[in-house]
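Structure file upload.pdb; described as PDB, C-alpha atoms and all ligand atoms.
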```
MODEL        1
ATOM      1  CA  MET A  23     -48.191 -64.969-126.360  1.00  0.00           C
ATOM      2  CA  ALA A  24     -51.719 -66.060-127.214  1.00  0.00           C
ATOM      3  CA  GLN A  25     -52.596 -66.619-130.841  1.00  0.00           C
ATOM      4  CA  VAL A  26     -55.699 -67.309-132.875  1.00  0.00           C
ATOM      5  CA  ARG A  27     -56.233 -71.095-133.013  1.00  0.00           C
ATOM      6  CA  ALA A  28     -59.257 -71.315-135.331  1.00  0.00           C
ATOM      7  CA  ARG A  29     -61.984 -69.071-136.727  1.00  0.00           C
ATOM      8  CA  VAL A  30     -65.228 -70.177-138.288  1.00  0.00           C
ATOM      9  CA  GLN A  31     -68.409 -68.508-139.527  1.00  0.00           C
ATOM     10  CA  LEU A  32     -71.800 -69.045-137.924  1.00  0.00           C
ATOM     11  CA  ASN A  33     -75.060 -67.172-137.458  1.00  0.00           C
ATOM     12  CA  VAL A  34     -76.101 -66.088-133.964  1.00  0.00           C
ATOM     13  CA  GLY A  35     -78.761 -64.058-132.110  1.00  0.00           C
ATOM     14  CA  LYS A  36     -82.330 -64.867-131.098  1.00  0.00           C
ATOM     15  CA  ASN A  37     -83.281 -65.818-134.663  1.00  0.00           C
ATOM     16  CA  SER A  38     -79.926 -67.324-135.682  1.00  0.00           C
ATOM     17  CA  ASP A  39     -79.706 -64.778-138.483  1.00  0.00           C
ATOM     18  CA  ILE A  40     -76.820 -62.520-137.471  1.00  0.00           C
ATOM     19  CA  PRO A  41     -73.592 -63.427-139.268  1.00  0.00           C
ATOM     20  CA  ALA A  42     -70.548 -63.711-137.047  1.00  0.00           C
ATOM     21  CA  GLU A  43     -67.259 -65.504-136.701  1.00  0.00           C
ATOM     22  CA  ILE A  44     -66.248 -67.440-133.578  1.00  0.00           C
ATOM     23  CA  ILE A  45     -62.563 -67.492-132.687  1.00  0.00           C
ATOM     24  CA  SER A  46     -60.641 -69.787-130.357  1.00  0.00           C
ATOM     25  CA  PHE A  47     -57.145 -69.112-128.999  1.00  0.00           C
ATOM     26  CA  THR A  48     -53.959 -70.860-127.970  1.00  0.00           C
ATOM     27  CA  ASP A  49     -51.931 -70.095-124.844  1.00  0.00           C
ATOM     28  CA  LEU A  50     -54.477 -68.259-122.728  1.00  0.00           C
ATOM     29  CA  LYS A  51     -53.329 -68.151-119.125  1.00  0.00           C
ATOM     30  CA  ASP A  52     -56.180 -69.294-116.913  1.00  0.00           C
ATOM     31  CA  GLY A  53     -56.946 -72.534-118.742  1.00  0.00           C
ATOM     32  CA  LYS A  54     -60.525 -71.520-119.621  1.00  0.00           C
ATOM     33  CA  GLU A  55     -61.970 -71.703-123.132  1.00  0.00           C
ATOM     34  CA  HIS A  56     -62.630 -67.995-123.710  1.00  0.00           C
ATOM     35  CA  ILE A  57     -63.848 -67.106-127.191  1.00  0.00           C
ATOM     36  CA  ALA A  58     -64.207 -64.015-129.356  1.00  0.00           C
ATOM     37  CA  MET A  59     -67.249 -63.422-131.545  1.00  0.00           C
ATOM     38  CA  VAL A  60     -66.551 -61.043-134.424  1.00  0.00           C
ATOM     39  CA  PHE A  61     -69.289 -59.104-136.238  1.00  0.00           C
ATOM     40  CA  ASN A  62     -68.856 -57.446-139.657  1.00  0.00           C
ATOM     41  CA  ASN A  63     -65.141 -58.400-139.822  1.00  0.00           C
ATOM     42  CA  ALA A  64     -64.549 -55.595-137.329  1.00  0.00           C
ATOM     43  CA  ASP A  65     -61.154 -56.949-136.292  1.00  0.00           C
ATOM     44  CA  THR A  66     -59.703 -56.572-139.769  1.00  0.00           C
ATOM     45  CA  GLU A  67     -61.819 -53.771-141.232  1.00  0.00           C
ATOM     46  CA  GLN A  68     -62.144 -51.210-138.428  1.00  0.00           C
ATOM     47  CA  ASP A  69     -59.361 -49.125-136.901  1.00  0.00           C
ATOM     48  CA  VAL A  70     -61.188 -48.604-133.602  1.00  0.00           C
ATOM     49  CA  PRO A  71     -63.796 -51.339-133.223  1.00  0.00           C
ATOM     50  CA  LEU A  72     -66.412 -51.697-130.495  1.00  0.00           C
ATOM     51  CA  ILE A  73     -65.419 -54.323-127.920  1.00  0.00           C
ATOM     52  CA  ARG A  74     -67.379 -55.967-125.128  1.00  0.00           C
ATOM     53  CA  MET A  75     -65.886 -58.152-122.431  1.00  0.00           C
ATOM     54  CA  HIS A  76     -68.838 -60.192-121.233  1.00  0.00           C
ATOM     55  CA  SER A  77     -68.396 -62.460-118.233  1.00  0.00           C
ATOM     56  CA  GLU A  78     -70.225 -65.767-118.438  1.00  0.00           C
ATOM     57  CA  CYS A  79     -73.538 -66.029-116.600  1.00  0.00           C
ATOM     58  CA  LEU A  80     -75.222 -69.356-117.247  1.00  0.00           C
ATOM     59  CA  THR A  81     -78.392 -68.350-115.413  1.00  0.00           C
ATOM     60  CA  GLY A  82     -78.729 -65.056-117.263  1.00  0.00           C
ATOM     61  CA  ASP A  83     -77.177 -65.737-120.678  1.00  0.00           C
ATOM     62  CA  VAL A  84     -78.910 -69.085-121.253  1.00  0.00           C
ATOM     63  CA  PHE A  85     -82.003 -68.983-119.033  1.00  0.00           C
ATOM     64  CA  TYR A  86     -82.701 -65.206-118.877  1.00  0.00           C
ATOM     65  CA  SER A  87     -82.908 -65.435-115.087  1.00  0.00           C
ATOM     66  CA  SER A  88     -84.807 -62.626-113.380  1.00  0.00           C
ATOM     67  CA  ARG A  89     -81.952 -62.102-110.907  1.00  0.00           C
ATOM     68  CA  CYS A  90     -79.599 -60.265-113.257  1.00  0.00           C
ATOM     69  CA  ASP A  91     -79.405 -58.501-116.622  1.00  0.00           C
ATOM     70  CA  CYS A  92     -76.718 -60.571-118.346  1.00  0.00           C
ATOM     71  CA  GLY A  93     -78.813 -62.232-121.061  1.00  0.00           C
ATOM     72  CA  GLU A  94     -80.407 -58.936-122.066  1.00  0.00           C
ATOM     73  CA  GLN A  95     -77.032 -57.179-122.122  1.00  0.00           C
ATOM     74  CA  LEU A  96     -75.643 -59.959-124.290  1.00  0.00           C
ATOM     75  CA  ASN A  97     -78.477 -59.556-126.786  1.00  0.00           C
ATOM     76  CA  GLU A  98     -78.160 -55.775-126.738  1.00  0.00           C
ATOM     77  CA  CYS A  99     -74.475 -56.203-127.543  1.00  0.00           C
ATOM     78  CA  ILE A 100     -75.082 -58.700-130.364  1.00  0.00           C
ATOM     79  CA  GLU A 101     -77.693 -56.405-131.924  1.00  0.00           C
ATOM     80  CA  MET A 102     -75.469 -53.327-131.649  1.00  0.00           C
ATOM     81  CA  MET A 103     -72.515 -55.183-133.123  1.00  0.00           C
ATOM     82  CA  HIS A 104     -74.689 -56.493-135.929  1.00  0.00           C
ATOM     83  CA  GLU A 105     -75.363 -52.858-136.861  1.00  0.00           C
ATOM     84  CA  GLN A 106     -71.971 -51.286-136.357  1.00  0.00           C
ATOM     85  CA  GLY A 107     -69.576 -54.216-136.141  1.00  0.00           C
ATOM     86  CA  GLY A 108     -67.602 -55.227-133.091  1.00  0.00           C
ATOM     87  CA  ILE A 109     -65.886 -57.957-131.166  1.00  0.00           C
ATOM     88  CA  LEU A 110     -67.506 -59.699-128.220  1.00  0.00           C
ATOM     89  CA  LEU A 111     -65.073 -61.409-125.860  1.00  0.00           C
ATOM     90  CA  TYR A 112     -67.078 -64.057-124.033  1.00  0.00           C
ATOM     91  CA  LEU A 113     -65.096 -64.738-120.870  1.00  0.00           C
ATOM     92  CA  ARG A 114     -65.667 -67.893-118.819  1.00  0.00           C
ATOM     93  CA  GLN A 115     -65.688 -66.034-115.497  1.00  0.00           C
ATOM     94  CA  GLU A 116     -68.986 -67.308-114.120  1.00  0.00           C
ATOM     95  CA  GLY A 117     -70.211 -65.516-111.005  1.00  0.00           C
ATOM     96  CA  ARG A 118     -67.577 -62.755-111.264  1.00  0.00           C
ATOM     97  CA  GLY A 119     -64.980 -65.503-111.043  1.00  0.00           C
ATOM     98  CA  ILE A 120     -66.336 -67.604-108.139  1.00  0.00           C
ATOM     99  CA  GLY A 121     -67.991 -70.233-110.361  1.00  0.00           C
ATOM    100  CA  LEU A 122     -71.571 -71.374-110.800  1.00  0.00           C
ATOM    101  CA  TYR A 123     -72.062 -73.443-107.650  1.00  0.00           C
ATOM    102  CA  ASN A 124     -70.661 -70.679-105.462  1.00  0.00           C
ATOM    103  CA  LYS A 125     -72.903 -68.168-107.252  1.00  0.00           C
ATOM    104  CA  ILE A 126     -75.909 -70.357-106.451  1.00  0.00           C
ATOM    105  CA  ASP A 127     -74.780 -70.394-102.799  1.00  0.00           C
ATOM    106  CA  ALA A 128     -74.572 -66.584-103.010  1.00  0.00           C
ATOM    107  CA  TYR A 129     -78.125 -66.502-104.402  1.00  0.00           C
ATOM    108  CA  VAL A 130     -79.305 -68.506-101.374  1.00  0.00           C
ATOM    109  CA  LEU A 131     -77.805 -65.846 -99.106  1.00  0.00           C
ATOM    110  CA  GLN A 132     -79.321 -63.074-101.252  1.00  0.00           C
ATOM    111  CA  SER A 133     -82.721 -64.698-100.839  1.00  0.00           C
ATOM    112  CA  GLN A 134     -82.131 -64.342 -97.096  1.00  0.00           C
ATOM    113  CA  GLY A 135     -81.478 -60.595 -97.423  1.00  0.00           C
ATOM    114  CA  MET A 136     -77.804 -60.087 -98.240  1.00  0.00           C
ATOM    115  CA  ASN A 137     -76.793 -58.015-101.229  1.00  0.00           C
ATOM    116  CA  THR A 138     -74.632 -59.429-104.017  1.00  0.00           C
ATOM    117  CA  TYR A 139     -71.316 -58.262-102.494  1.00  0.00           C
ATOM    118  CA  GLU A 140     -72.197 -59.195 -98.901  1.00  0.00           C
ATOM    119  CA  ALA A 141     -73.108 -62.680-100.081  1.00  0.00           C
ATOM    120  CA  ASN A 142     -69.740 -63.082-101.844  1.00  0.00           C
ATOM    121  CA  ASN A 143     -67.906 -61.836 -98.745  1.00  0.00           C
ATOM    122  CA  HIS A 144     -69.908 -64.135 -96.466  1.00  0.00           C
ATOM    123  CA  LEU A 145     -68.729 -67.086 -98.563  1.00  0.00           C
ATOM    124  CA  GLY A 146     -65.119 -65.957 -98.144  1.00  0.00           C
ATOM    125  CA  PHE A 147     -64.681 -64.356-101.571  1.00  0.00           C
ATOM    126  CA  ALA A 148     -63.746 -60.810-102.513  1.00  0.00           C
ATOM    127  CA  ASP A 149     -66.390 -58.654-104.225  1.00  0.00           C
ATOM    128  CA  ASP A 150     -65.018 -59.493-107.646  1.00  0.00           C
ATOM    129  CA  LEU A 151     -62.391 -62.145-108.467  1.00  0.00           C
ATOM    130  CA  ARG A 152     -62.168 -61.385-112.157  1.00  0.00           C
ATOM    131  CA  ASP A 153     -58.881 -60.818-113.910  1.00  0.00           C
ATOM    132  CA  PHE A 154     -59.034 -59.422-117.439  1.00  0.00           C
ATOM    133  CA  SER A 155     -55.511 -60.348-118.516  1.00  0.00           C
ATOM    134  CA  ASP A 156     -56.720 -63.135-120.817  1.00  0.00           C
ATOM    135  CA  ALA A 157     -59.017 -60.601-122.496  1.00  0.00           C
ATOM    136  CA  VAL A 158     -55.953 -58.439-123.102  1.00  0.00           C
ATOM    137  CA  LEU A 159     -54.108 -61.450-124.570  1.00  0.00           C
ATOM    138  CA  MET A 160     -57.063 -62.030-126.891  1.00  0.00           C
ATOM    139  CA  LEU A 161     -57.065 -58.385-128.033  1.00  0.00           C
ATOM    140  CA  ASN A 162     -53.323 -58.628-128.640  1.00  0.00           C
ATOM    141  CA  ALA A 163     -53.759 -61.863-130.607  1.00  0.00           C
ATOM    142  CA  LEU A 164     -56.339 -60.078-132.770  1.00  0.00           C
ATOM    143  CA  ASN A 165     -54.005 -57.096-133.128  1.00  0.00           C
ATOM    144  CA  LEU A 166     -56.445 -54.620-131.555  1.00  0.00           C
ATOM    145  CA  PRO A 167     -54.495 -52.021-129.575  1.00  0.00           C
ATOM    146  CA  HIS A 168     -57.179 -49.333-129.968  1.00  0.00           C
ATOM    147  CA  VAL A 169     -60.862 -49.883-129.091  1.00  0.00           C
ATOM    148  CA  LYS A 170     -64.220 -48.513-127.968  1.00  0.00           C
ATOM    149  CA  LEU A 171     -65.549 -50.379-124.927  1.00  0.00           C
ATOM    150  CA  MET A 172     -69.141 -51.363-124.173  1.00  0.00           C
ATOM    151  CA  THR A 173     -69.567 -51.501-120.391  1.00  0.00           C
ATOM    152  CA  ASN A 174     -70.800 -49.719-117.288  1.00  0.00           C
ATOM    153  CA  ASN A 175     -68.014 -51.195-115.188  1.00  0.00           C
ATOM    154  CA  PRO A 176     -65.003 -48.920-114.551  1.00  0.00           C
ATOM    155  CA  LYS A 177     -62.862 -51.938-113.559  1.00  0.00           C
ATOM    156  CA  LYS A 178     -62.995 -53.251-117.107  1.00  0.00           C
ATOM    157  CA  LEU A 179     -61.962 -49.872-118.505  1.00  0.00           C
ATOM    158  CA  ASN A 180     -59.055 -49.607-116.067  1.00  0.00           C
ATOM    159  CA  ALA A 181     -57.933 -53.183-116.762  1.00  0.00           C
ATOM    160  CA  LEU A 182     -57.593 -52.430-120.467  1.00  0.00           C
ATOM    161  CA  ARG A 183     -55.933 -49.061-119.980  1.00  0.00           C
ATOM    162  CA  ASP A 184     -53.477 -50.483-117.428  1.00  0.00           C
ATOM    163  CA  ALA A 185     -52.528 -53.138-119.977  1.00  0.00           C
ATOM    164  CA  GLY A 186     -51.721 -50.523-122.611  1.00  0.00           C
ATOM    165  CA  ILE A 187     -54.873 -50.814-124.721  1.00  0.00           C
ATOM    166  CA  THR A 188     -56.119 -47.392-125.849  1.00  0.00           C
ATOM    167  CA  VAL A 189     -59.828 -47.007-125.056  1.00  0.00           C
ATOM    168  CA  ASP A 190     -61.220 -44.096-127.076  1.00  0.00           C
ATOM    169  CA  SER A 191     -64.706 -44.094-125.620  1.00  0.00           C
ATOM    170  CA  VAL A 192     -67.049 -46.062-123.406  1.00  0.00           C
ATOM    171  CA  VAL A 193     -70.548 -47.068-124.519  1.00  0.00           C
ATOM    172  CA  GLY A 194     -72.952 -47.849-121.650  1.00  0.00           C
ATOM    173  CA  THR A 195     -75.597 -50.558-121.860  1.00  0.00           C
ATOM    174  CA  HIS A 196     -79.264 -49.983-121.128  1.00  0.00           C
ATOM    175  CA  ALA A 197     -80.878 -50.769-117.773  1.00  0.00           C
ATOM    176  CA  HIS A 198     -82.777 -54.040-118.079  1.00  0.00           C
ATOM    177  CA  ILE A 199     -84.949 -53.967-114.979  1.00  0.00           C
ATOM    178  CA  LYS A 200     -87.056 -56.901-113.774  1.00  0.00           C
ATOM    179  CA  ALA A 201     -89.414 -56.364-110.867  1.00  0.00           C
ATOM    180  CA  GLY A 202     -90.424 -58.718-108.062  1.00  0.00           C
ATOM    181  CA  VAL A 203     -88.917 -60.629-105.163  1.00  0.00           C
ATOM    182  CA  ALA A 204     -86.475 -62.499-107.411  1.00  0.00           C
ATOM    183  CA  GLY A 205     -86.046 -59.446-109.655  1.00  0.00           C
ATOM    184  CA  ASN A 206     -82.811 -57.619-110.427  1.00  0.00           C
ATOM    185  CA  LYS A 207     -83.547 -54.008-109.404  1.00  0.00           C
ATOM    186  CA  ALA A 208     -81.736 -54.237-106.049  1.00  0.00           C
ATOM    187  CA  TYR A 209     -78.858 -56.085-107.758  1.00  0.00           C
ATOM    188  CA  LEU A 210     -78.426 -53.275-110.298  1.00  0.00           C
ATOM    189  CA  GLU A 211     -78.761 -50.554-107.642  1.00  0.00           C
ATOM    190  CA  THR A 212     -76.150 -52.262-105.451  1.00  0.00           C
ATOM    191  CA  LYS A 213     -73.698 -52.440-108.352  1.00  0.00           C
ATOM    192  CA  ILE A 214     -74.114 -48.690-108.877  1.00  0.00           C
ATOM    193  CA  LYS A 215     -73.832 -47.834-105.181  1.00  0.00           C
ATOM    194  CA  HIS A 216     -71.112 -50.223-104.010  1.00  0.00           C
ATOM    195  CA  GLY A 217     -69.484 -51.299-107.244  1.00  0.00           C
ATOM    196  CA  ALA A 218     -69.139 -47.793-108.752  1.00  0.00           C
ATOM    197  CA  HIS A 219     -70.944 -48.949-111.896  1.00  0.00           C
ATOM    198  CA  MET A 220     -71.783 -46.174-114.332  1.00  0.00           C
ATOM    199  CA  LEU A 221     -75.136 -47.734-115.250  1.00  0.00           C
ATOM    200  CA  ASP A 222     -77.868 -45.135-115.750  1.00  0.00           C
ATOM    201  CA  ILE A 223     -80.853 -46.837-114.103  1.00  0.00           C
ATOM    202  CA  LYS A 224     -83.223 -44.520-116.025  1.00  0.00           C
ATOM    203  CA  LYS A 225     -81.843 -45.568-119.402  1.00  0.00           C
ATOM    204  CA  ILE A 226     -84.493 -48.225-119.845  1.00  0.00           C
ATOM    205  CA  LYS A 227     -84.604 -50.150-123.090  1.00  0.00           C
ATOM    206  CA  LYS A 228     -87.880 -49.816-124.957  1.00  0.00           C
ATOM    207  CA  PRO A 229     -89.121 -53.146-126.330  1.00  0.00           C
TER     208      PRO A 229
HETATM  209  N1  LIG A 301     -70.957 -63.654-107.386  1.00  0.00           N
HETATM  210  C1  LIG A 301     -72.003 -63.208-108.073  1.00  0.00           C
HETATM  211  N2  LIG A 301     -71.884 -63.061-109.407  1.00  0.00           N
HETATM  212  C2  LIG A 301     -72.941 -62.600-110.071  1.00  0.00           C
HETATM  213  C3  LIG A 301     -74.162 -62.283-109.449  1.00  0.00           C
HETATM  214  N3  LIG A 301     -75.026 -61.852-110.395  1.00  0.00           N
HETATM  215  C4  LIG A 301     -74.355 -61.910-111.580  1.00  0.00           C
HETATM  216  N4  LIG A 301     -73.103 -62.358-111.387  1.00  0.00           N
HETATM  217  C5  LIG A 301     -72.009 -62.515-112.344  1.00  0.00           C
HETATM  218  O1  LIG A 301     -71.557 -61.239-112.679  1.00  0.00           O
HETATM  219  C6  LIG A 301     -70.983 -61.262-113.974  1.00  0.00           C
HETATM  220  C7  LIG A 301     -71.601 -60.118-114.787  1.00  0.00           C
HETATM  221  O2  LIG A 301     -70.695 -59.800-115.708  1.00  0.00           O
HETATM  222  P1  LIG A 301     -70.789 -58.682-116.825  1.00  0.00           P
HETATM  223  O3  LIG A 301     -71.994 -58.891-117.661  1.00  0.00           O
HETATM  224  O4  LIG A 301     -69.454 -58.706-117.499  1.00  0.00           O
HETATM  225  O5  LIG A 301     -71.097 -57.367-116.089  1.00  0.00           O
HETATM  226  P2  LIG A 301     -70.431 -56.299-115.200  1.00  0.00           P
HETATM  227  O6  LIG A 301     -69.098 -56.605-114.638  1.00  0.00           O
HETATM  228  O7  LIG A 301     -71.475 -56.017-114.214  1.00  0.00           O
HETATM  229  O8  LIG A 301     -70.181 -55.074-116.159  1.00  0.00           O
HETATM  230  P3  LIG A 301     -70.928 -54.501-117.425  1.00  0.00           P
HETATM  231  O9  LIG A 301     -72.091 -55.381-117.742  1.00  0.00           O
HETATM  232  O10 LIG A 301     -69.876 -54.524-118.480  1.00  0.00           O
HETATM  233  O11 LIG A 301     -71.325 -53.137-117.072  1.00  0.00           O
HETATM  234  C8  LIG A 301     -71.257 -62.640-114.546  1.00  0.00           C
HETATM  235  O12 LIG A 301     -70.093 -63.442-114.423  1.00  0.00           O
HETATM  236  C9  LIG A 301     -72.379 -63.157-113.643  1.00  0.00           C
HETATM  237  O13 LIG A 301     -72.372 -64.571-113.516  1.00  0.00           O
HETATM  238  C10 LIG A 301     -74.255 -62.448-108.048  1.00  0.00           C
HETATM  239  O14 LIG A 301     -75.251 -62.146-107.424  1.00  0.00           O
HETATM  240  N5  LIG A 301     -73.157 -62.916-107.407  1.00  0.00           N
HETATM  241 ZN    ZN A 302     -76.190 -62.695-114.829  1.00  0.00          ZN
ENDMDL
END
```
Show me the file's structure as structure tokens.
Amino acid sequence: MAQVRARVQLNVGKNSDIPAEIISFTDLKDGKEHIAMVFNNADTEQDVPLIRMHSECLTGDVFYSSRCDCGEQLNECIEMMHEQGGILLYLRQEGRGIGLYNKIDAYVLQSQGMNTYEANNHLGFADDLRDFSDAVLMLNALNLPHVKLMTNNPKKLNALRDAGITVDSVVGTHAHIKAGVAGNKAYLETKIKHGAHMLDIKKIKKP
């Protein structure tokens, strides 16, 4: 059974002015250093807090790469949780679980015309290698059996429900579209078409 190892306050967000608490865990299964980021003490003060399970994307989260929407989604989540509280589970599942170097290889293939899933398959990987059982262990360690979930990905919803977490409602993220050859429009459209994502491509975030 995973347990909270340490929790400490810090400020996060673009201007380092959003109060949060970062939490580490013991006994997670896959050996990765997943963390939870808690806003407004939502884990102790809300009966049904907003949760996001965000998979690591170095290129998007750190460098705001044009190829995906991860960094913008992360900021959208931090800002929403600043307003209404919530718990962000930051999961070290780079490249939907294939790792950074393999994701870069997949980008090479995408530059040659393959879509995001075809590129994964061409490299010998399934469409999505992620397993959300450590996220469930983290929710259990935080004593959160009942949540609202921020995602467009039905697999995340099913993973929580299958593990016995009650998901009251699902909150979609905005479409963060970037044009151009190395843009993310085709990537987002492919996720909707082939990945059954519930993203509303017209729900564009106004600056
Ligand atoms: N293999 C592969 N992984 C990618 C590619 N583009 C982005 N990723 C990874 O996809 C994951 C995106 O994760 P999430 O932000 O949790 O998004 P999601 O599963 O699409 O679902 P929601 O954002 O919750 O709707 C990250 O781990 C990225 O590194 C790609 O072209 N190939
Ligand atoms: Zn990304």
Please return as an NGL selection string every residue within 7 Å of (-46.6, -66.5, -126.5), taking into account all atoms listed in the file and the file's own coordinates. :A and (23-24 or 49)
Pull out every residue that the PyMOL selection byres (((not hetatm)) within 6 of (chain A and resi 301)) matches in the shown coordinates and put them as a PyMOL selection string. chain A and resi 76-79+90+92+115-118+125+128+138+142+173-175
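When you apply the PyMOL selection byres (((chain A and resi 195) around 9) and not hetatm) to this structure, what comes back is Gln95, Glu98, Cys99, Met172, Thr173, Asn174, Val193, Gly194, His196, Ala197, His198, Leu221, Asp222 and Lys225 of chain A.
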Which residues, written as a count of residues only, have at least one atom at most 10 Å from A:Lys177, with only C-alpha atoms counted and residues fewer than 5 positions away on the same chain left out? 9
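This file, queried with the PyMOL selection byres (((chain A and resi 87) around 12) and not hetatm), gives the residues Cys79, Leu80, Thr81, Gly82, Asp83, Val84, Phe85, Tyr86, Ser88, Arg89, Cys90, Asp91, Cys92, Gly93, Glu94, Tyr129, His198, Ile199, Lys200, Ala201, Ala204, Gly205 and Asn206 of chain A.
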Please, could you write that set of residues out with C-alpha atoms as a PDB file, keeping the file's coordinate frame?
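File produced: out35.pdb:
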```
ATOM      1  CA  CYS A  79     -73.538 -66.029-116.600  1.00  0.00           C
ATOM      2  CA  LEU A  80     -75.222 -69.356-117.247  1.00  0.00           C
ATOM      3  CA  THR A  81     -78.392 -68.350-115.413  1.00  0.00           C
ATOM      4  CA  GLY A  82     -78.729 -65.056-117.263  1.00  0.00           C
ATOM      5  CA  ASP A  83     -77.177 -65.737-120.678  1.00  0.00           C
ATOM      6  CA  VAL A  84     -78.910 -69.085-121.253  1.00  0.00           C
ATOM      7  CA  PHE A  85     -82.003 -68.983-119.033  1.00  0.00           C
ATOM      8  CA  TYR A  86     -82.701 -65.206-118.877  1.00  0.00           C
ATOM      9  CA  SER A  88     -84.807 -62.626-113.380  1.00  0.00           C
ATOM     10  CA  ARG A  89     -81.952 -62.102-110.907  1.00  0.00           C
ATOM     11  CA  CYS A  90     -79.599 -60.265-113.257  1.00  0.00           C
ATOM     12  CA  ASP A  91     -79.405 -58.501-116.622  1.00  0.00           C
ATOM     13  CA  CYS A  92     -76.718 -60.571-118.346  1.00  0.00           C
ATOM     14  CA  GLY A  93     -78.813 -62.232-121.061  1.00  0.00           C
ATOM     15  CA  GLU A  94     -80.407 -58.936-122.066  1.00  0.00           C
ATOM     16  CA  TYR A 129     -78.125 -66.502-104.402  1.00  0.00           C
ATOM     17  CA  HIS A 198     -82.777 -54.040-118.079  1.00  0.00           C
ATOM     18  CA  ILE A 199     -84.949 -53.967-114.979  1.00  0.00           C
ATOM     19  CA  LYS A 200     -87.056 -56.901-113.774  1.00  0.00           C
ATOM     20  CA  ALA A 201     -89.414 -56.364-110.867  1.00  0.00           C
ATOM     21  CA  ALA A 204     -86.475 -62.499-107.411  1.00  0.00           C
ATOM     22  CA  GLY A 205     -86.046 -59.446-109.655  1.00  0.00           C
ATOM     23  CA  ASN A 206     -82.811 -57.619-110.427  1.00  0.00           C
TER      24      ASN A 206
END
```
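Counting from atom CA of A:Gly35, the distance to atom CA of A:Asn97 is 7.0 Å.
Note that atom CA of A:Glu140 and atom CA of A:Asp156 are 27.1 Å apart.
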Kindly reconstruct stretch 115-126 of chain A with N, CA and C atoms and present the result as a short mmCIF file (atom, residue, chain, number, x, y, z; two decimals), in the coordinates of the input.
```cif
data_model
loop_
_atom_site.label_atom_id
_atom_site.label_comp_id
_atom_site.auth_asym_id
_atom_site.auth_seq_id
_atom_site.Cartn_x
_atom_site.Cartn_y
_atom_site.Cartn_z
N GLN A 115 -65.93 -66.49 -116.87
CA GLN A 115 -65.69 -66.03 -115.50
C GLN A 115 -67.01 -66.03 -114.76
N GLU A 116 -67.66 -67.19 -114.74
CA GLU A 116 -68.99 -67.31 -114.12
C GLU A 116 -68.98 -66.74 -112.69
N GLY A 117 -70.04 -66.02 -112.38
CA GLY A 117 -70.21 -65.52 -111.00
C GLY A 117 -69.12 -64.54 -110.58
N ARG A 118 -68.70 -63.67 -111.52
CA ARG A 118 -67.58 -62.76 -111.26
C ARG A 118 -66.35 -63.52 -110.78
N GLY A 119 -66.20 -64.73 -111.31
CA GLY A 119 -64.98 -65.50 -111.04
C GLY A 119 -65.10 -66.54 -109.94
N ILE A 120 -66.26 -66.62 -109.24
CA ILE A 120 -66.34 -67.60 -108.14
C ILE A 120 -66.90 -68.94 -108.62
N GLY A 121 -67.44 -68.98 -109.82
CA GLY A 121 -67.99 -70.23 -110.36
C GLY A 121 -69.49 -70.35 -110.11
N LEU A 122 -70.10 -71.27 -110.83
CA LEU A 122 -71.57 -71.37 -110.80
C LEU A 122 -72.11 -71.86 -109.45
N TYR A 123 -71.52 -72.91 -108.91
CA TYR A 123 -72.06 -73.44 -107.65
C TYR A 123 -71.93 -72.41 -106.53
N ASN A 124 -70.80 -71.71 -106.49
CA ASN A 124 -70.66 -70.68 -105.46
C ASN A 124 -71.65 -69.53 -105.70
N LYS A 125 -71.92 -69.22 -106.98
CA LYS A 125 -72.90 -68.17 -107.25
C LYS A 125 -74.29 -68.60 -106.77
N ILE A 126 -74.60 -69.87 -106.94
CA ILE A 126 -75.91 -70.36 -106.45
C ILE A 126 -75.96 -70.26 -104.92
#
```
